>>> print(open('target.pdb').read())   # PDB, C-alpha atoms, pLDDT in the B column
ATOM      1  CA  MET M   1     -25.452 -17.955  -7.356  1.00 37.00           C
ATOM      2  CA  LEU M   2     -23.787 -20.497  -5.109  1.00 38.00           C
ATOM      3  CA  PHE M   3     -23.875 -23.027  -7.917  1.00 38.00           C
ATOM      4  CA  TRP M   4     -21.227 -20.970  -9.739  1.00 42.00           C
ATOM      5  CA  LEU M   5     -18.679 -21.829  -7.079  1.00 41.00           C
ATOM      6  CA  GLN M   6     -19.019 -25.565  -7.666  1.00 42.00           C
ATOM      7  CA  PRO M   7     -16.382 -26.948 -10.038  1.00 44.00           C
ATOM      8  CA  CYS M   8     -17.593 -28.463 -13.291  1.00 43.00           C
ATOM      9  CA  VAL M   9     -16.804 -32.083 -14.011  1.00 42.00           C
ATOM     10  CA  SER M  10     -16.857 -31.470 -17.726  1.00 41.00           C
ATOM     11  CA  ASP M  11     -17.724 -28.490 -19.860  1.00 42.00           C
ATOM     12  CA  LEU M  12     -19.801 -30.778 -22.060  1.00 41.00           C
ATOM     13  CA  ILE M  13     -21.997 -31.993 -19.189  1.00 43.00           C
ATOM     14  CA  CYS M  14     -22.691 -28.709 -17.442  1.00 42.00           C
ATOM     15  CA  ASP M  15     -22.786 -25.251 -18.927  1.00 42.00           C
ATOM     16  CA  ARG M  16     -21.541 -23.480 -15.819  1.00 43.00           C
ATOM     17  CA  ILE M  17     -18.312 -21.508 -15.639  1.00 39.00           C
ATOM     18  CA  PRO M  18     -15.341 -23.766 -14.793  1.00 40.00           C
ATOM     19  CA  PHE M  19     -13.917 -23.335 -11.306  1.00 36.00           C
ATOM     20  CA  GLU M  20     -10.523 -22.020 -12.456  1.00 41.00           C
ATOM     21  CA  SER M  21     -11.928 -19.226 -14.604  1.00 38.00           C
ATOM     22  CA  PHE M  22     -14.056 -17.942 -11.723  1.00 41.00           C
ATOM     23  CA  TYR M  23     -10.994 -16.346 -10.110  1.00 41.00           C
ATOM     24  CA  VAL M  24      -9.795 -14.536 -13.224  1.00 46.00           C
ATOM     25  CA  GLY M  25      -9.559 -10.840 -12.469  1.00 48.00           C
ATOM     26  CA  THR M  26      -9.323 -11.203  -8.692  1.00 57.00           C
ATOM     27  CA  SER M  27      -6.082 -10.501  -6.927  1.00 78.00           C
ATOM     28  CA  MET M  28      -4.472 -11.016  -3.582  1.00 87.00           C
ATOM     29  CA  LYS M  29      -5.315  -8.862  -0.590  1.00 93.00           C
ATOM     30  CA  ILE M  30      -2.889  -5.948  -0.440  1.00 92.00           C
ATOM     31  CA  ASN M  31      -2.411  -3.616   2.519  1.00 93.00           C
ATOM     32  CA  ILE M  32       0.284  -0.921   2.350  1.00 91.00           C
ATOM     33  CA  SER M  33       0.844   1.559   5.166  1.00 91.00           C
ATOM     34  CA  TYR M  34       2.817   4.797   4.877  1.00 89.00           C
ATOM     35  CA  ARG M  35       4.675   6.677   7.606  1.00 90.00           C
ATOM     36  CA  HIS M  36       6.291  10.088   7.109  1.00 85.00           C
ATOM     37  CA  VAL M  37       5.767   9.910   3.339  1.00 81.00           C
ATOM     38  CA  GLU M  38       4.728  13.125   1.613  1.00 78.00           C
ATOM     39  CA  SER M  39       3.003  11.725  -1.498  1.00 78.00           C
ATOM     40  CA  PRO M  40       2.190   8.015  -1.712  1.00 82.00           C
ATOM     41  CA  GLN M  41       0.834   8.532  -5.259  1.00 86.00           C
ATOM     42  CA  ALA M  42       4.405   8.791  -6.568  1.00 82.00           C
ATOM     43  CA  ILE M  43       5.166   5.270  -5.310  1.00 86.00           C
ATOM     44  CA  GLU M  44       1.943   3.602  -6.484  1.00 89.00           C
ATOM     45  CA  PRO M  45       3.004   2.851 -10.108  1.00 90.00           C
ATOM     46  CA  ALA M  46       6.179   1.088  -8.956  1.00 90.00           C
ATOM     47  CA  LEU M  47       4.240  -0.892  -6.353  1.00 91.00           C
ATOM     48  CA  ASN M  48       1.598  -1.939  -8.880  1.00 91.00           C
ATOM     49  CA  ARG M  49       4.237  -3.114 -11.358  1.00 93.00           C
ATOM     50  CA  HIS M  50       6.034  -5.235  -8.754  1.00 94.00           C
ATOM     51  CA  VAL M  51       2.793  -6.665  -7.334  1.00 93.00           C
ATOM     52  CA  ALA M  52       1.811  -7.771 -10.858  1.00 93.00           C
ATOM     53  CA  LYS M  53       5.117  -9.648 -11.159  1.00 93.00           C
ATOM     54  CA  ILE M  54       4.533 -11.318  -7.800  1.00 94.00           C
ATOM     55  CA  GLU M  55       1.003 -12.327  -8.816  1.00 93.00           C
ATOM     56  CA  LYS M  56       2.374 -14.063 -11.919  1.00 93.00           C
ATOM     57  CA  LEU M  57       4.631 -16.187  -9.713  1.00 93.00           C
ATOM     58  CA  LEU M  58       1.729 -17.071  -7.409  1.00 93.00           C
ATOM     59  CA  LYS M  59      -0.816 -18.138 -10.053  1.00 91.00           C
ATOM     60  CA  SER M  60      -1.129 -21.617  -8.545  1.00 89.00           C
ATOM     61  CA  TYR M  61      -2.527 -20.277  -5.258  1.00 91.00           C
ATOM     62  CA  ASP M  62      -6.100 -19.209  -4.590  1.00 91.00           C
ATOM     63  CA  PRO M  63      -6.049 -15.365  -4.569  1.00 89.00           C
ATOM     64  CA  ASP M  64      -8.231 -15.252  -1.459  1.00 91.00           C
ATOM     65  CA  LEU M  65      -5.514 -17.028   0.539  1.00 93.00           C
ATOM     66  CA  LEU M  66      -2.725 -14.599  -0.405  1.00 94.00           C
ATOM     67  CA  GLN M  67      -2.056 -11.461   1.626  1.00 95.00           C
ATOM     68  CA  LEU M  68       0.635  -8.852   1.044  1.00 95.00           C
ATOM     69  CA  HIS M  69       1.292  -6.412   3.887  1.00 96.00           C
ATOM     70  CA  GLY M  70       3.730  -3.618   3.213  1.00 94.00           C
ATOM     71  CA  GLY M  71       5.122  -0.852   5.369  1.00 93.00           C
ATOM     72  CA  PHE M  72       6.728   2.163   3.790  1.00 90.00           C
ATOM     73  CA  GLU M  73       8.464   4.833   5.819  1.00 92.00           C
ATOM     74  CA  LYS M  74      10.935   7.672   5.496  1.00 91.00           C
ATOM     75  CA  GLN M  75      13.599   7.934   8.151  1.00 89.00           C
ATOM     76  CA  PRO M  76      13.066  11.299   9.882  1.00 87.00           C
ATOM     77  CA  HIS M  77      16.750  12.167  10.405  1.00 88.00           C
ATOM     78  CA  LYS M  78      18.192  10.569   7.266  1.00 88.00           C
ATOM     79  CA  ALA M  79      17.499  10.818   3.563  1.00 88.00           C
ATOM     80  CA  GLU M  80      16.587   7.137   3.428  1.00 93.00           C
ATOM     81  CA  TYR M  81      13.425   5.196   2.665  1.00 93.00           C
ATOM     82  CA  ILE M  82      12.595   1.742   4.018  1.00 95.00           C
ATOM     83  CA  PHE M  83      10.033  -0.646   2.557  1.00 95.00           C
ATOM     84  CA  SER M  84       9.202  -3.924   4.275  1.00 96.00           C
ATOM     85  CA  ALA M  85       6.893  -6.548   2.796  1.00 96.00           C
ATOM     86  CA  ASN M  86       5.245  -9.610   4.350  1.00 97.00           C
ATOM     87  CA  LEU M  87       3.653 -12.173   2.043  1.00 96.00           C
ATOM     88  CA  SER M  88       1.325 -14.684   3.686  1.00 95.00           C
ATOM     89  CA  MET M  89       0.643 -17.818   1.664  1.00 94.00           C
ATOM     90  CA  PRO M  90      -1.052 -21.080   2.593  1.00 93.00           C
ATOM     91  CA  THR M  91       2.341 -22.804   2.619  1.00 93.00           C
ATOM     92  CA  GLY M  92       4.302 -20.189   4.571  1.00 93.00           C
ATOM     93  CA  THR M  93       5.113 -16.554   5.229  1.00 96.00           C
ATOM     94  CA  LEU M  94       7.898 -14.614   3.530  1.00 96.00           C
ATOM     95  CA  HIS M  95       9.452 -11.335   4.643  1.00 97.00           C
ATOM     96  CA  ALA M  96      11.658  -8.872   2.732  1.00 97.00           C
ATOM     97  CA  ASN M  97      13.172  -5.432   3.389  1.00 96.00           C
ATOM     98  CA  GLY M  98      14.545  -2.787   1.085  1.00 96.00           C
ATOM     99  CA  GLN M  99      16.434   0.423   1.882  1.00 95.00           C
ATOM    100  CA  GLY M 100      17.396   3.145  -0.524  1.00 93.00           C
ATOM    101  CA  PRO M 101      17.933   6.855  -1.046  1.00 92.00           C
ATOM    102  CA  ASP M 102      14.697   7.165  -3.036  1.00 89.00           C
ATOM    103  CA  PRO M 103      11.307   5.432  -2.649  1.00 88.00           C
ATOM    104  CA  ALA M 104      11.375   3.518  -5.942  1.00 90.00           C
ATOM    105  CA  ARG M 105      14.760   1.954  -5.202  1.00 93.00           C
ATOM    106  CA  SER M 106      13.705   0.718  -1.767  1.00 93.00           C
ATOM    107  CA  VAL M 107      10.535  -0.831  -3.242  1.00 94.00           C
ATOM    108  CA  ARG M 108      12.546  -2.505  -6.002  1.00 95.00           C
ATOM    109  CA  LYS M 109      15.083  -3.981  -3.564  1.00 96.00           C
ATOM    110  CA  ALA M 110      12.360  -5.435  -1.348  1.00 96.00           C
ATOM    111  CA  PHE M 111      10.426  -6.970  -4.231  1.00 97.00           C
ATOM    112  CA  VAL M 112      13.558  -8.440  -5.847  1.00 96.00           C
ATOM    113  CA  GLU M 113      14.331 -10.135  -2.532  1.00 97.00           C
ATOM    114  CA  LEU M 114      10.720 -11.294  -2.212  1.00 97.00           C
ATOM    115  CA  GLU M 115      10.718 -12.743  -5.751  1.00 96.00           C
ATOM    116  CA  ALA M 116      13.870 -14.722  -5.005  1.00 96.00           C
ATOM    117  CA  GLN M 117      12.330 -16.064  -1.804  1.00 96.00           C
ATOM    118  CA  ILE M 118       9.134 -17.077  -3.641  1.00 95.00           C
ATOM    119  CA  LYS M 119      11.107 -18.963  -6.303  1.00 94.00           C
ATOM    120  CA  LYS M 120      13.177 -20.739  -3.647  1.00 94.00           C
ATOM    121  CA  HIS M 121      10.075 -21.569  -1.590  1.00 94.00           C
ATOM    122  CA  GLN M 122       8.276 -23.017  -4.599  1.00 93.00           C
ATOM    123  CA  SER M 123      11.283 -25.096  -5.635  1.00 91.00           C
ATOM    124  CA  ARG M 124      11.423 -26.563  -2.132  1.00 91.00           C
ATOM    125  CA  LEU M 125       7.706 -27.379  -2.286  1.00 90.00           C
ATOM    126  CA  ARG M 126       8.229 -29.108  -5.644  1.00 89.00           C
ATOM    127  CA  LYS M 127      11.249 -30.917  -4.154  1.00 88.00           C
ATOM    128  CA  ASP M 128      13.502 -29.868  -7.027  1.00 84.00           C
ATOM    129  CA  TYR M 129      16.522 -30.967  -5.007  1.00 80.00           C
ATOM    130  CA  GLU M 130      15.415 -34.598  -5.388  1.00 83.00           C
ATOM    131  CA  TRP M 131      15.177 -34.294  -9.166  1.00 82.00           C
ATOM    132  CA  LYS M 132      18.524 -32.574  -9.678  1.00 78.00           C
ATOM    133  CA  ARG M 133      20.991 -34.723 -11.588  1.00 78.00           C
ATOM    134  CA  LYS M 134      23.897 -35.833  -9.477  1.00 75.00           C
ATOM    135  CA  ARG M 135      27.248 -35.934 -11.254  1.00 74.00           C
ATOM    136  CA  GLY M 136      29.937 -38.434 -10.558  1.00 71.00           C
ATOM    137  CA  ARG M 137      33.539 -37.527  -9.731  1.00 70.00           C
ATOM    138  CA  ALA M 138      34.787 -38.570 -13.175  1.00 65.00           C
ATOM    139  CA  GLU M 139      32.347 -36.233 -14.927  1.00 65.00           C
ATOM    140  CA  GLN M 140      33.290 -33.371 -12.618  1.00 64.00           C
ATOM    141  CA  ALA M 141      36.995 -33.840 -13.375  1.00 66.00           C
ATOM    142  CA  LEU M 142      36.324 -33.647 -17.122  1.00 67.00           C
ATOM    143  CA  ALA M 143      34.233 -30.513 -16.853  1.00 60.00           C
TER     144      ALA M 143
END
>>> encode(input="target.pdb", output="structure tokens")
Amino acid sequence: MLFWLQPCVSDLICDRIPFESFYVGTSMKINISYRHVESPQAIEPALNRHVAKIEKLLKSYDPDLLQLHGGFEKQPHKAEYIFSANLSMPTGTLHANGQGPDPARSVRKAFVELEAQIKKHQSRLRKDYEWKRKRGRAEQALA
């Protein structure tokens, strides 16, 4: 089955599965640890929803090269939850934290921060700053 991993030059020439469609259905490696949390099953739906959003942003990367490590803990002396996420990509590593009075809010804060970092990281890789239109002083005065 190693021939399936080879990319096809053309679908007309070879009748193998194209290289891009081989990875459909696979996802990044996810590792979430819990400390002092009573029921992690209550947090799982929120985590799955946010991970799906992150995966949409990272479609251009090979799923085998993406790793998401998360740490979820409840502060023992406070009614506060902390979620920290590390996303390892081939082009860099991103880190985000979220704190909140309930588990879902801390997860949401961390993933919102992580999404913003991913968008900024990808725009830097695309060098969007070089393509941005520069306005002259006369146009700025009129606006």
>>> resolve_selection(input="target.pdb", expression="the PyMOL selection byres ((chain M and resi 36) around 7)", output="compact mmCIF listing (two decimals) with C-alpha atoms, in the coordinates of the input")
# COMPACT_ATOMS: atom_id res chain seq x y z
CA TYR M 34 2.82 4.80 4.88
CA ARG M 35 4.68 6.68 7.61
CA VAL M 37 5.77 9.91 3.34
CA GLU M 38 4.73 13.12 1.61
CA GLU M 73 8.46 4.83 5.82
CA LYS M 74 10.94 7.67 5.50
>>> residues_around(input="target.pdb", residues="Gln122 (chain M)", least_positions_apart="5", cutoff="12 Å", atoms="only C-alpha atoms", output="PDB file with C-alpha atoms, in the frame of the given file")
ATOM      1  CA  LEU M  57       4.631 -16.187  -9.713  1.00 93.00           C
ATOM      2  CA  LEU M  58       1.729 -17.071  -7.409  1.00 93.00           C
ATOM      3  CA  LYS M  59      -0.816 -18.138 -10.053  1.00 91.00           C
ATOM      4  CA  SER M  60      -1.129 -21.617  -8.545  1.00 89.00           C
ATOM      5  CA  TYR M  61      -2.527 -20.277  -5.258  1.00 91.00           C
ATOM      6  CA  MET M  89       0.643 -17.818   1.664  1.00 94.00           C
ATOM      7  CA  PRO M  90      -1.052 -21.080   2.593  1.00 93.00           C
ATOM      8  CA  THR M  91       2.341 -22.804   2.619  1.00 93.00           C
ATOM      9  CA  GLY M  92       4.302 -20.189   4.571  1.00 93.00           C
ATOM     10  CA  LEU M  94       7.898 -14.614   3.530  1.00 96.00           C
ATOM     11  CA  GLU M 115      10.718 -12.743  -5.751  1.00 96.00           C
ATOM     12  CA  ALA M 116      13.870 -14.722  -5.005  1.00 96.00           C
ATOM     13  CA  GLN M 117      12.330 -16.064  -1.804  1.00 96.00           C
ATOM     14  CA  LYS M 127      11.249 -30.917  -4.154  1.00 88.00           C
ATOM     15  CA  ASP M 128      13.502 -29.868  -7.027  1.00 84.00           C
ATOM     16  CA  TYR M 129      16.522 -30.967  -5.007  1.00 80.00           C
TER      17      TYR M 129
END
>>> atom_distance(input="target.pdb", atom1="CA of Ser33 (chain M)", atom2="CA of His69 (chain M)")
8.1 Å
>>> atom_distance(input="target.pdb", atom1="CA of Ile82 (chain M)", atom2="CA of Gly100 (chain M)")
6.8 Å
>>> residues_around(input="target.pdb", residues="Lys132 (chain M)", least_positions_apart="6", cutoff="12 Å", atoms="all atoms listed in the file", output="list of chain:residue names")
M:Ser123, M:Arg124, M:Arg126
>>> resolve_selection(input="target.pdb", expression="the PyMOL selection byres ((chain M and resi 102-105) around 12)", output="PyMOL selection string")
chain M and resi 34+36-50+71-75+78-84+97-101+106-112
>>> closest_residue(input="target.pdb", among="M:Leu68, M:Lys53, M:Pro63, M:His77", to="Ile30 (chain M)", atoms="all atoms listed in the file")
M:Leu68
>>> atom_distance(input="target.pdb", atom1="CA of Val51 (chain M)", atom2="CA of Asp64 (chain M)")
15.2 Å
>>> closest_residue(input="target.pdb", among="M:Leu114, M:Leu125, M:Ala96, M:Met28", to="Leu66 (chain M)", atoms="only C-alpha atoms")
M:Met28
>>> closest_residue(input="target.pdb", among="M:Ile32, M:Lys120, M:Trp131, M:Ala52", to="Asn86 (chain M)", atoms="only C-alpha atoms")
M:Ile32
>>> build_atoms(input="target.pdb", residues="region 52-63 of chain M", atoms="all heavy atoms", output="short mmCIF file (atom, residue, chain, number, x, y, z; two decimals), in the frame of the given file")
data_model
loop_
_atom_site.label_atom_id
_atom_site.label_comp_id
_atom_site.auth_asym_id
_atom_site.auth_seq_id
_atom_site.Cartn_x
_atom_site.Cartn_y
_atom_site.Cartn_z
N ALA M 52 2.22 -6.98 -9.69
CA ALA M 52 1.81 -7.77 -10.86
C ALA M 52 2.81 -8.89 -11.14
O ALA M 52 2.42 -10.02 -11.48
CB ALA M 52 1.66 -6.87 -12.08
N LYS M 53 4.10 -8.61 -10.97
CA LYS M 53 5.12 -9.65 -11.16
C LYS M 53 4.99 -10.74 -10.11
O LYS M 53 5.12 -11.93 -10.41
CB LYS M 53 6.52 -9.03 -11.10
CG LYS M 53 6.88 -8.22 -12.32
CD LYS M 53 8.21 -7.54 -12.15
CE LYS M 53 9.34 -8.47 -12.44
NZ LYS M 53 10.65 -7.78 -12.41
N ILE M 54 4.71 -10.35 -8.88
CA ILE M 54 4.53 -11.32 -7.80
C ILE M 54 3.30 -12.18 -8.06
O ILE M 54 3.33 -13.40 -7.83
CB ILE M 54 4.41 -10.59 -6.44
CG1 ILE M 54 5.69 -9.86 -6.09
CG2 ILE M 54 4.00 -11.53 -5.33
CD1 ILE M 54 6.85 -10.75 -5.75
N GLU M 55 2.22 -11.57 -8.55
CA GLU M 55 1.00 -12.33 -8.82
C GLU M 55 1.22 -13.37 -9.90
O GLU M 55 0.62 -14.45 -9.87
CB GLU M 55 -0.14 -11.39 -9.19
CG GLU M 55 -0.71 -10.65 -8.02
CD GLU M 55 -1.84 -9.71 -8.38
OE1 GLU M 55 -1.97 -9.37 -9.58
OE2 GLU M 55 -2.58 -9.33 -7.47
N LYS M 56 2.08 -13.07 -10.89
CA LYS M 56 2.37 -14.06 -11.92
C LYS M 56 3.06 -15.29 -11.32
O LYS M 56 2.82 -16.41 -11.76
CB LYS M 56 3.26 -13.45 -13.00
CG LYS M 56 2.55 -12.55 -13.95
CD LYS M 56 3.50 -12.05 -15.01
CE LYS M 56 2.84 -11.04 -15.92
NZ LYS M 56 3.78 -10.51 -16.92
N LEU M 57 3.94 -15.06 -10.35
CA LEU M 57 4.63 -16.19 -9.71
C LEU M 57 3.69 -17.02 -8.85
O LEU M 57 3.94 -18.20 -8.63
CB LEU M 57 5.78 -15.67 -8.85
CG LEU M 57 6.99 -15.09 -9.57
CD1 LEU M 57 7.95 -14.48 -8.57
CD2 LEU M 57 7.67 -16.15 -10.40
N LEU M 58 2.63 -16.40 -8.35
CA LEU M 58 1.73 -17.07 -7.41
C LEU M 58 0.41 -17.47 -8.06
O LEU M 58 -0.63 -17.52 -7.39
CB LEU M 58 1.48 -16.15 -6.21
CG LEU M 58 2.71 -15.74 -5.42
CD1 LEU M 58 2.36 -14.68 -4.41
CD2 LEU M 58 3.34 -16.93 -4.76
N LYS M 59 0.42 -17.78 -9.36
CA LYS M 59 -0.82 -18.14 -10.05
C LYS M 59 -1.43 -19.42 -9.51
O LYS M 59 -2.64 -19.60 -9.58
CB LYS M 59 -0.55 -18.32 -11.54
CG LYS M 59 -0.42 -17.04 -12.30
CD LYS M 59 -0.42 -17.31 -13.78
CE LYS M 59 0.92 -17.89 -14.20
NZ LYS M 59 1.10 -17.97 -15.65
N SER M 60 -0.62 -20.32 -8.98
CA SER M 60 -1.13 -21.62 -8.54
C SER M 60 -1.92 -21.53 -7.24
O SER M 60 -2.61 -22.49 -6.89
CB SER M 60 0.02 -22.61 -8.38
OG SER M 60 0.93 -22.14 -7.41
N TYR M 61 -1.81 -20.42 -6.53
CA TYR M 61 -2.53 -20.28 -5.26
C TYR M 61 -3.87 -19.59 -5.47
O TYR M 61 -4.04 -18.78 -6.38
CB TYR M 61 -1.71 -19.44 -4.26
CG TYR M 61 -0.44 -20.10 -3.82
CD1 TYR M 61 0.78 -19.69 -4.31
CD2 TYR M 61 -0.46 -21.13 -2.88
CE1 TYR M 61 1.96 -20.29 -3.89
CE2 TYR M 61 0.71 -21.72 -2.46
CZ TYR M 61 1.91 -21.30 -2.97
OH TYR M 61 3.07 -21.90 -2.56
N ASP M 62 -4.81 -19.88 -4.60
CA ASP M 62 -6.10 -19.21 -4.59
C ASP M 62 -5.87 -17.76 -4.15
O ASP M 62 -5.26 -17.52 -3.11
CB ASP M 62 -7.04 -19.93 -3.61
CG ASP M 62 -8.43 -19.37 -3.60
OD1 ASP M 62 -8.73 -18.52 -4.46
OD2 ASP M 62 -9.21 -19.79 -2.74
N PRO M 63 -6.32 -16.77 -4.92
CA PRO M 63 -6.05 -15.36 -4.57
C PRO M 63 -6.61 -14.95 -3.22
O PRO M 63 -6.09 -14.02 -2.60
CB PRO M 63 -6.72 -14.58 -5.68
CG PRO M 63 -6.97 -15.53 -6.76
CD PRO M 63 -7.03 -16.89 -6.18
#
